[in-house]
$ cat coords30.cif   # mmCIF, C-alpha atoms
data_data
#
loop_
_atom_site.label_atom_id
_atom_site.label_comp_id
_atom_site.auth_asym_id
_atom_site.auth_seq_id
_atom_site.Cartn_x
_atom_site.Cartn_y
_atom_site.Cartn_z
CA MET J 15 -99.69 109.77 -30.90
CA GLY J 16 -101.06 109.20 -34.37
CA ASN J 17 -99.20 107.61 -37.20
CA PRO J 18 -95.41 107.45 -36.66
CA VAL J 19 -94.77 107.80 -40.39
CA ILE J 20 -95.69 110.22 -43.15
CA SER J 21 -95.71 110.02 -46.91
CA SER J 22 -93.20 112.08 -48.88
CA ASP J 23 -95.94 113.48 -51.10
CA LYS J 24 -97.79 114.79 -48.04
CA VAL J 25 -94.70 116.59 -46.80
CA GLU J 26 -94.11 118.26 -50.15
CA GLY J 27 -96.15 121.43 -50.40
CA THR J 28 -96.83 121.67 -46.67
CA THR J 29 -96.73 125.21 -45.27
CA VAL J 30 -93.93 126.17 -42.89
CA TYR J 31 -94.50 128.67 -40.09
CA SER J 32 -92.31 130.61 -37.70
CA PRO J 33 -92.97 130.12 -33.94
CA ASP J 34 -95.28 133.17 -33.86
CA GLY J 35 -97.45 131.61 -36.56
CA GLY J 36 -96.17 133.74 -39.45
CA LYS J 37 -96.02 131.95 -42.76
CA LEU J 38 -92.45 131.45 -43.98
CA GLY J 39 -93.06 129.37 -47.08
CA SER J 40 -93.59 125.74 -47.95
CA ILE J 41 -91.62 122.57 -48.39
CA ASP J 42 -90.66 121.95 -51.98
CA ASN J 43 -88.94 118.59 -51.63
CA LEU J 44 -86.89 116.38 -49.37
CA ILE J 45 -83.21 115.67 -49.90
CA ILE J 46 -82.45 112.06 -49.06
CA ASP J 47 -79.14 110.28 -48.53
CA LYS J 48 -79.19 107.61 -51.24
CA ARG J 49 -77.33 104.99 -49.29
CA SER J 50 -78.89 105.24 -45.84
CA GLY J 51 -82.33 106.52 -46.80
CA GLN J 52 -82.01 109.28 -44.23
CA VAL J 53 -83.72 112.60 -44.96
CA ARG J 54 -80.96 115.16 -44.69
CA TYR J 55 -82.98 118.30 -45.34
CA ALA J 56 -86.32 119.64 -46.26
CA ALA J 57 -85.92 122.28 -48.95
CA LEU J 58 -87.98 125.32 -48.06
CA GLU J 59 -89.25 127.68 -50.74
CA PHE J 60 -90.75 131.09 -50.24
CA GLY J 61 -93.16 130.88 -53.13
CA GLY J 62 -91.83 133.92 -54.87
CA PHE J 63 -93.66 136.58 -52.88
CA LEU J 64 -90.39 138.11 -51.72
CA GLY J 65 -88.64 137.84 -55.03
CA MET J 66 -86.78 134.79 -53.76
CA GLY J 67 -88.89 132.25 -55.55
CA THR J 68 -86.18 130.15 -57.09
CA ASP J 69 -84.04 129.85 -53.98
CA ARG J 70 -84.29 126.81 -51.74
CA TYR J 71 -83.32 126.83 -48.09
CA PRO J 72 -82.18 123.45 -46.78
CA ILE J 73 -83.54 122.88 -43.27
CA PRO J 74 -82.43 119.89 -41.15
CA TRP J 75 -85.37 117.53 -40.78
CA SER J 76 -85.14 117.58 -36.97
CA MET J 77 -85.98 121.32 -36.96
CA LEU J 78 -89.46 120.72 -38.36
CA THR J 79 -92.29 120.17 -35.88
CA TYR J 80 -95.72 119.39 -37.23
CA ASP J 81 -98.50 121.50 -35.71
CA THR J 82 -101.93 119.93 -36.13
CA ASN J 83 -103.71 123.23 -35.44
CA LEU J 84 -101.79 125.10 -38.11
CA ASP J 85 -101.80 122.03 -40.37
CA GLY J 86 -98.19 122.78 -41.16
CA TYR J 87 -94.64 122.65 -39.87
CA VAL J 88 -93.21 125.08 -37.37
CA VAL J 89 -89.50 125.88 -37.38
CA PRO J 90 -87.70 127.87 -34.66
CA LEU J 91 -86.75 130.58 -37.14
CA GLN J 92 -87.84 134.04 -38.19
CA GLN J 93 -87.90 135.44 -41.70
CA ASP J 94 -84.77 137.55 -41.15
CA GLN J 95 -82.83 134.51 -39.87
CA LEU J 96 -83.68 132.65 -43.05
CA GLU J 97 -82.41 135.53 -45.13
CA GLN J 98 -78.94 134.84 -43.68
CA ALA J 99 -79.26 131.09 -44.12
CA PRO J 100 -77.62 128.74 -46.62
CA ARG J 101 -79.53 128.60 -49.88
CA TYR J 102 -79.16 127.51 -53.47
CA ASP J 103 -80.92 128.19 -56.70
CA LYS J 104 -83.53 125.56 -57.54
CA ALA J 105 -82.19 125.35 -61.10
CA GLU J 106 -78.71 124.46 -59.88
CA SER J 107 -77.80 121.05 -58.54
CA PRO J 108 -75.95 121.74 -55.34
CA GLU J 109 -73.15 119.37 -54.51
CA TYR J 110 -74.61 117.79 -51.43
CA THR J 111 -71.36 116.58 -50.00
CA ASP J 112 -70.97 115.83 -46.32
CA GLU J 113 -69.01 119.06 -46.08
CA TYR J 114 -71.99 121.00 -47.42
CA GLY J 115 -74.30 119.16 -45.06
CA ARG J 116 -72.16 119.92 -42.04
CA ARG J 117 -72.10 123.58 -43.00
CA VAL J 118 -75.90 123.68 -43.09
CA TYR J 119 -76.24 121.84 -39.79
CA ASP J 120 -73.59 124.08 -38.22
CA HIS J 121 -75.46 127.16 -39.36
CA TYR J 122 -78.51 126.01 -37.43
CA GLY J 123 -76.54 124.57 -34.51
CA VAL J 124 -77.93 121.10 -35.18
CA THR J 125 -75.82 117.99 -34.60
CA TRP J 126 -74.84 116.29 -37.86
CA MET P 24 -69.46 108.53 -57.42
CA GLY P 25 -72.01 111.19 -58.31
CA ASN P 26 -74.29 112.97 -55.93
CA PRO P 27 -74.74 111.14 -52.59
CA VAL P 28 -78.27 112.48 -52.22
CA ILE P 29 -81.48 112.51 -54.23
CA SER P 30 -84.63 114.58 -54.15
CA SER P 31 -87.87 112.95 -53.03
CA ASP P 32 -89.71 114.25 -56.10
CA LYS P 33 -87.17 112.54 -58.36
CA VAL P 34 -87.70 109.21 -56.63
CA GLU P 35 -91.47 109.43 -56.96
CA GLY P 36 -92.55 108.09 -60.33
CA THR P 37 -89.27 106.32 -61.04
CA THR P 38 -89.63 102.95 -62.75
CA VAL P 39 -88.73 99.80 -60.83
CA TYR P 40 -87.26 96.76 -62.61
CA SER P 41 -86.60 93.16 -61.70
CA PRO P 42 -82.99 91.92 -62.04
CA ASP P 43 -83.66 90.63 -65.59
CA GLY P 44 -84.74 94.11 -66.66
CA GLY P 45 -88.47 93.42 -66.61
CA LYS P 46 -90.60 96.36 -65.57
CA LEU P 47 -92.34 95.78 -62.24
CA GLY P 48 -93.96 99.15 -61.71
CA SER P 49 -92.98 102.52 -60.32
CA ILE P 50 -92.48 104.24 -56.99
CA ASP P 51 -95.54 106.10 -55.85
CA ASN P 52 -94.22 107.66 -52.67
CA LEU P 53 -91.82 107.26 -49.78
CA ILE P 54 -92.90 106.44 -46.25
CA ILE P 55 -90.78 108.34 -43.76
CA ASP P 56 -90.41 107.95 -40.01
CA LYS P 57 -91.55 111.33 -38.69
CA ARG P 58 -89.19 111.48 -35.75
CA SER P 59 -85.94 110.20 -37.23
CA GLY P 60 -86.47 111.25 -40.84
CA GLN P 61 -85.52 107.75 -41.96
CA VAL P 62 -87.17 106.41 -45.13
CA ARG P 63 -88.79 103.16 -44.06
CA TYR P 64 -90.19 102.06 -47.40
CA ALA P 65 -90.71 103.01 -50.95
CA ALA P 66 -94.29 102.23 -51.94
CA LEU P 67 -94.32 100.42 -55.26
CA GLU P 68 -97.34 100.59 -57.54
CA PHE P 69 -98.02 98.47 -60.59
CA GLY P 70 -99.79 101.19 -62.53
CA GLY P 71 -102.96 99.20 -62.95
CA PHE P 72 -101.94 97.04 -65.87
CA LEU P 73 -102.43 93.90 -63.81
CA GLY P 74 -105.63 94.99 -62.16
CA MET P 75 -103.68 95.79 -59.00
CA GLY P 76 -103.57 99.51 -59.55
CA THR P 77 -104.69 100.65 -56.13
CA ASP P 78 -102.40 98.35 -54.15
CA ARG P 79 -99.09 99.58 -52.82
CA TYR P 80 -96.19 97.27 -52.02
CA PRO P 81 -93.88 98.61 -49.31
CA ILE P 82 -90.27 97.86 -50.21
CA PRO P 83 -87.42 98.52 -47.75
CA TRP P 84 -85.30 101.38 -49.08
CA SER P 85 -82.12 99.30 -48.92
CA MET P 86 -83.52 96.90 -51.53
CA LEU P 87 -83.57 99.58 -54.23
CA THR P 88 -80.47 99.96 -56.39
CA TYR P 89 -80.40 102.73 -58.94
CA ASP P 90 -79.32 101.64 -62.40
CA THR P 91 -78.12 104.51 -64.54
CA ASN P 92 -78.50 102.51 -67.77
CA LEU P 93 -82.13 101.64 -67.06
CA ASP P 94 -82.73 105.07 -65.50
CA GLY P 95 -84.67 103.31 -62.78
CA TYR P 96 -84.41 101.20 -59.67
CA VAL P 97 -83.68 97.49 -59.68
CA VAL P 98 -85.00 95.27 -56.88
CA PRO P 99 -83.97 91.63 -56.34
CA LEU P 100 -87.55 90.45 -56.91
CA GLN P 101 -89.67 88.91 -59.62
CA GLN P 102 -93.29 89.68 -60.38
CA ASP P 103 -94.53 86.45 -58.76
CA GLN P 104 -92.61 87.20 -55.56
CA LEU P 105 -94.30 90.56 -55.32
CA GLU P 106 -97.69 88.94 -55.67
CA GLN P 107 -97.00 87.19 -52.33
CA ALA P 108 -95.67 90.33 -50.70
CA PRO P 109 -97.22 92.60 -48.08
CA ARG P 110 -99.49 95.20 -49.63
CA TYR P 111 -102.19 97.66 -48.74
CA ASP P 112 -104.81 99.58 -50.60
CA LYS P 113 -103.71 103.09 -51.49
CA ALA P 114 -107.03 104.48 -50.26
CA GLU P 115 -106.49 103.00 -46.80
CA SER P 116 -104.11 104.47 -44.29
CA PRO P 117 -102.09 101.51 -43.09
CA GLU P 118 -101.05 101.59 -39.48
CA TYR P 119 -97.33 101.85 -39.94
CA THR P 120 -96.42 100.64 -36.52
CA ASP P 121 -93.01 99.16 -35.79
CA GLU P 122 -94.72 95.77 -35.76
CA TYR P 123 -95.95 96.29 -39.30
CA GLY P 124 -92.52 97.49 -40.36
CA ARG P 125 -90.80 94.46 -38.89
CA ARG P 126 -93.25 92.20 -40.70
CA VAL P 127 -92.40 93.82 -44.04
CA TYR P 128 -88.67 93.68 -43.39
CA ASP P 129 -88.96 90.07 -42.25
CA HIS P 130 -90.81 89.17 -45.43
CA TYR P 131 -87.86 90.38 -47.47
CA GLY P 132 -85.22 89.11 -45.06
CA VAL P 133 -83.94 92.63 -44.49
CA THR P 134 -82.62 93.73 -41.10
CA TRP P 135 -84.93 96.25 -39.42
#
$ encode --input "coords30.cif" --output "structure tokens"
Amino acid sequence: MGNPVISSDKVEGTTVYSPDGGKLGSIDNLIIDKRSGQVRYAALEFGGFLGMGTDRYPIPWSMLTYDTNLDGYVVPLQQDQLEQAPRYDKAESPEYTDEYGRRVYDHYGVTW
Amino acid sequence: MGNPVISSDKVEGTTVYSPDGGKLGSIDNLIIDKRSGQVRYAALEFGGFLGMGTDRYPIPWSMLTYDTNLDGYVVPLQQDQLEQAPRYDKAESPEYTDEYGRRVYDHYGVTW
């Protein structure tokens, strides 16, 4: 079972893999609902190696599964799926309204 | 209203004040339930100026109120109350079981 909790600073920087073990990027930060303390998304970054370095891809927390062998998170996504996914520029402050959140969750077919 | 969400890396390092505006310390990291993505605690550190630098004080998320004037969080606690509060050494990995969590919440009279 292991520890049921994890520290935010351990999540940040953790590598994210596709189901076939390909490296997709890493987690830049977590976006947290101020009032409830619920993590809404992990913001995935590609690290710049595809010329998409400043974009962040919000991924619903429930889509991340930690893999102890890979020492990273696995998401049920491929690179080309992410290229169609909602994103924002790191330098911009996206308006994280509920409407925005629902759009992200809808994109991934995850219940809000 | 402002943005309903905040980034984990903006919370980390933010100063924490008592209600009278006295500086208590700062937030080192957030402890997150892996499965639900719920922030269970913010871990408060004193920054070493009281010889308690390596201790972390888990504070239920709901006790933190952001104050835009102070540019930091306010908690309804005084220094001497924190000295009686649950803590752990940063170097140790506390067993964040539900039992431990309930004990922390109970200490502060916060509903789990």
$ closest_residue --input "coords30.cif" --among "P:Val62, P:Glu35, P:Asp43, P:Pro27" --to "Gln101 (chain P)" --atoms "all atoms listed in the file"
P:Asp43
$ calpha_fit_and_write --input "coords30.cif" --fixed "chain J" --moving "chain P" --output "mmCIF file with C-alpha atoms, keeping the file's coordinate frame"
data_model
loop_
_atom_site.group_PDB
_atom_site.id
_atom_site.type_symbol
_atom_site.label_atom_id
_atom_site.label_comp_id
_atom_site.auth_asym_id
_atom_site.auth_seq_id
_atom_site.Cartn_x
_atom_site.Cartn_y
_atom_site.Cartn_z
ATOM 1 C CA MET P 24 -99.755 109.534 -30.740
ATOM 2 C CA GLY P 25 -101.037 109.131 -34.285
ATOM 3 C CA ASN P 26 -99.186 107.599 -37.159
ATOM 4 C CA PRO P 27 -95.391 107.455 -36.627
ATOM 5 C CA VAL P 28 -94.757 107.820 -40.349
ATOM 6 C CA ILE P 29 -95.679 110.225 -43.126
ATOM 7 C CA SER P 30 -95.713 110.029 -46.891
ATOM 8 C CA SER P 31 -93.203 112.087 -48.859
ATOM 9 C CA ASP P 32 -95.946 113.490 -51.096
ATOM 10 C CA LYS P 33 -97.792 114.794 -48.034
ATOM 11 C CA VAL P 34 -94.704 116.616 -46.806
ATOM 12 C CA GLU P 35 -94.119 118.272 -50.166
ATOM 13 C CA GLY P 36 -96.156 121.452 -50.408
ATOM 14 C CA THR P 37 -96.830 121.688 -46.682
ATOM 15 C CA THR P 38 -96.730 125.214 -45.278
ATOM 16 C CA VAL P 39 -93.924 126.179 -42.909
ATOM 17 C CA TYR P 40 -94.498 128.695 -40.096
ATOM 18 C CA SER P 41 -92.302 130.612 -37.703
ATOM 19 C CA PRO P 42 -92.974 130.123 -33.962
ATOM 20 C CA ASP P 43 -95.293 133.178 -33.876
ATOM 21 C CA GLY P 44 -97.466 131.615 -36.570
ATOM 22 C CA GLY P 45 -96.165 133.734 -39.434
ATOM 23 C CA LYS P 46 -96.016 131.959 -42.764
ATOM 24 C CA LEU P 47 -92.448 131.458 -43.977
ATOM 25 C CA GLY P 48 -93.057 129.399 -47.084
ATOM 26 C CA SER P 49 -93.591 125.765 -47.953
ATOM 27 C CA ILE P 50 -91.607 122.577 -48.403
ATOM 28 C CA ASP P 51 -90.659 121.959 -51.986
ATOM 29 C CA ASN P 52 -88.944 118.607 -51.648
ATOM 30 C CA LEU P 53 -86.894 116.384 -49.384
ATOM 31 C CA ILE P 54 -83.217 115.670 -49.908
ATOM 32 C CA ILE P 55 -82.450 112.067 -49.051
ATOM 33 C CA ASP P 56 -79.145 110.288 -48.544
ATOM 34 C CA LYS P 57 -79.201 107.610 -51.244
ATOM 35 C CA ARG P 58 -77.339 104.970 -49.294
ATOM 36 C CA SER P 59 -78.883 105.248 -45.840
ATOM 37 C CA GLY P 60 -82.318 106.537 -46.821
ATOM 38 C CA GLN P 61 -81.988 109.286 -44.224
ATOM 39 C CA VAL P 62 -83.707 112.613 -44.958
ATOM 40 C CA ARG P 63 -80.943 115.189 -44.708
ATOM 41 C CA TYR P 64 -82.978 118.315 -45.348
ATOM 42 C CA ALA P 65 -86.319 119.644 -46.269
ATOM 43 C CA ALA P 66 -85.912 122.293 -48.956
ATOM 44 C CA LEU P 67 -87.968 125.336 -48.055
ATOM 45 C CA GLU P 68 -89.233 127.692 -50.738
ATOM 46 C CA PHE P 69 -90.754 131.112 -50.241
ATOM 47 C CA GLY P 70 -93.166 130.857 -53.141
ATOM 48 C CA GLY P 71 -91.842 133.934 -54.863
ATOM 49 C CA PHE P 72 -93.669 136.573 -52.880
ATOM 50 C CA LEU P 73 -90.391 138.069 -51.715
ATOM 51 C CA GLY P 74 -88.629 137.823 -55.030
ATOM 52 C CA MET P 75 -86.759 134.770 -53.763
ATOM 53 C CA GLY P 76 -88.895 132.243 -55.554
ATOM 54 C CA THR P 77 -86.163 130.149 -57.106
ATOM 55 C CA ASP P 78 -84.035 129.845 -53.971
ATOM 56 C CA ARG P 79 -84.277 126.807 -51.746
ATOM 57 C CA TYR P 80 -83.316 126.843 -48.077
ATOM 58 C CA PRO P 81 -82.162 123.460 -46.773
ATOM 59 C CA ILE P 82 -83.532 122.893 -43.279
ATOM 60 C CA PRO P 83 -82.433 119.905 -41.164
ATOM 61 C CA TRP P 84 -85.378 117.532 -40.785
ATOM 62 C CA SER P 85 -85.140 117.600 -36.989
ATOM 63 C CA MET P 86 -85.975 121.320 -36.972
ATOM 64 C CA LEU P 87 -89.465 120.727 -38.368
ATOM 65 C CA THR P 88 -92.285 120.186 -35.883
ATOM 66 C CA TYR P 89 -95.716 119.398 -37.222
ATOM 67 C CA ASP P 90 -98.493 121.492 -35.730
ATOM 68 C CA THR P 91 -101.904 119.927 -36.146
ATOM 69 C CA ASN P 92 -103.709 123.218 -35.451
ATOM 70 C CA LEU P 93 -101.786 125.092 -38.139
ATOM 71 C CA ASP P 94 -101.796 122.018 -40.400
ATOM 72 C CA GLY P 95 -98.184 122.790 -41.186
ATOM 73 C CA TYR P 96 -94.646 122.660 -39.900
ATOM 74 C CA VAL P 97 -93.212 125.096 -37.388
ATOM 75 C CA VAL P 98 -89.488 125.896 -37.407
ATOM 76 C CA PRO P 99 -87.688 127.870 -34.674
ATOM 77 C CA LEU P 100 -86.743 130.602 -37.159
ATOM 78 C CA GLN P 101 -87.858 134.050 -38.198
ATOM 79 C CA GLN P 102 -87.924 135.451 -41.706
ATOM 80 C CA ASP P 103 -84.793 137.565 -41.140
ATOM 81 C CA GLN P 104 -82.858 134.542 -39.874
ATOM 82 C CA LEU P 105 -83.694 132.668 -43.036
ATOM 83 C CA GLU P 106 -82.416 135.532 -45.135
ATOM 84 C CA GLN P 107 -78.948 134.829 -43.661
ATOM 85 C CA ALA P 108 -79.264 131.090 -44.112
ATOM 86 C CA PRO P 109 -77.608 128.754 -46.605
ATOM 87 C CA ARG P 110 -79.504 128.608 -49.877
ATOM 88 C CA TYR P 111 -79.127 127.514 -53.454
ATOM 89 C CA ASP P 112 -80.901 128.184 -56.681
ATOM 90 C CA LYS P 113 -83.490 125.552 -57.511
ATOM 91 C CA ALA P 114 -82.192 125.350 -61.081
ATOM 92 C CA GLU P 115 -78.701 124.452 -59.873
ATOM 93 C CA SER P 116 -77.794 121.044 -58.574
ATOM 94 C CA PRO P 117 -75.978 121.744 -55.335
ATOM 95 C CA GLU P 118 -73.171 119.394 -54.488
ATOM 96 C CA TYR P 119 -74.633 117.805 -51.413
ATOM 97 C CA THR P 120 -71.390 116.565 -50.024
ATOM 98 C CA ASP P 121 -70.984 115.798 -46.336
ATOM 99 C CA GLU P 122 -69.032 119.045 -46.090
ATOM 100 C CA TYR P 123 -71.993 120.998 -47.405
ATOM 101 C CA GLY P 124 -74.312 119.145 -45.055
ATOM 102 C CA ARG P 125 -72.155 119.891 -42.040
ATOM 103 C CA ARG P 126 -72.094 123.560 -43.000
ATOM 104 C CA VAL P 127 -75.899 123.685 -43.081
ATOM 105 C CA TYR P 128 -76.233 121.824 -39.797
ATOM 106 C CA ASP P 129 -73.592 124.048 -38.218
ATOM 107 C CA HIS P 130 -75.461 127.143 -39.348
ATOM 108 C CA TYR P 131 -78.504 125.991 -37.415
ATOM 109 C CA GLY P 132 -76.547 124.551 -34.501
ATOM 110 C CA VAL P 133 -77.930 121.091 -35.185
ATOM 111 C CA THR P 134 -75.832 117.974 -34.614
ATOM 112 C CA TRP P 135 -74.901 116.263 -37.888
#
$ interface_residues --input "coords30.cif" --of "chain P" --to "chain J" --cutoff "6 Å" --atoms "all atoms listed in the file" --output "number ranges by chain"
P: 27-31, 52-57, 60-62
$ residues_around --input "coords30.cif" --residues "Val98 (chain P)" --least-positions-apart "2" --cutoff "6 Å" --atoms "all atoms listed in the file" --output "PDB file with C-alpha atoms, in the coordinates of the input"
ATOM      1  CA  SER P  41     -86.600  93.160 -61.700  1.00  0.00           C
ATOM      2  CA  MET P  86     -83.520  96.900 -51.530  1.00  0.00           C
ATOM      3  CA  LEU P  87     -83.570  99.580 -54.230  1.00  0.00           C
ATOM      4  CA  LEU P 100     -87.550  90.450 -56.910  1.00  0.00           C
TER       5      LEU P 100
END
$ resolve_selection --input "coords30.cif" --expression "the PyMOL selection byres ((chain P and resi 114) around 10)" --output "list of chain:residue names"
P:Thr77, P:Asp78, P:Arg79, P:Tyr111, P:Asp112, P:Lys113, P:Glu115, P:Ser116, P:Pro117
$ closest_residue --input "coords30.cif" --among "P:Glu122, P:Val127, P:Ile50, P:Pro81" --to "Glu68 (chain P)" --atoms "only C-alpha atoms"
P:Ile50
$ atom_distance --input "coords30.cif" --atom1 "CA of Pro33 (chain J)" --atom2 "CA of Tyr114 (chain J)"
26.6 Å
$ atom_distance --input "coords30.cif" --atom1 "CA of Gly27 (chain J)" --atom2 "CA of Phe60 (chain J)"
11.1 Å
$ closest_residue --input "coords30.cif" --among "P:Leu93, P:Gln107, P:Gln102, P:Arg126" --to "Gly44 (chain P)" --atoms "all atoms listed in the file"
P:Leu93
$ atom_distance --input "coords30.cif" --atom1 "CA of Ala108 (chain P)" --atom2 "CA of Gly132 (chain P)"
11.9 Å
$ residues_around --input "coords30.cif" --residues "Trp135 (chain P)" --least-positions-apart "6" --cutoff "8 Å" --atoms "only C-alpha atoms" --output "list of chain:residue names"
P:Gly124, P:Arg125, P:Tyr128, P:Asp129
$ residues_around --input "coords30.cif" --residues "Asp85 (chain J)" --least-positions-apart "5" --cutoff "10 Å" --atoms "all atoms listed in the file" --output "NGL selection string"
:J and (28-31 or 80)
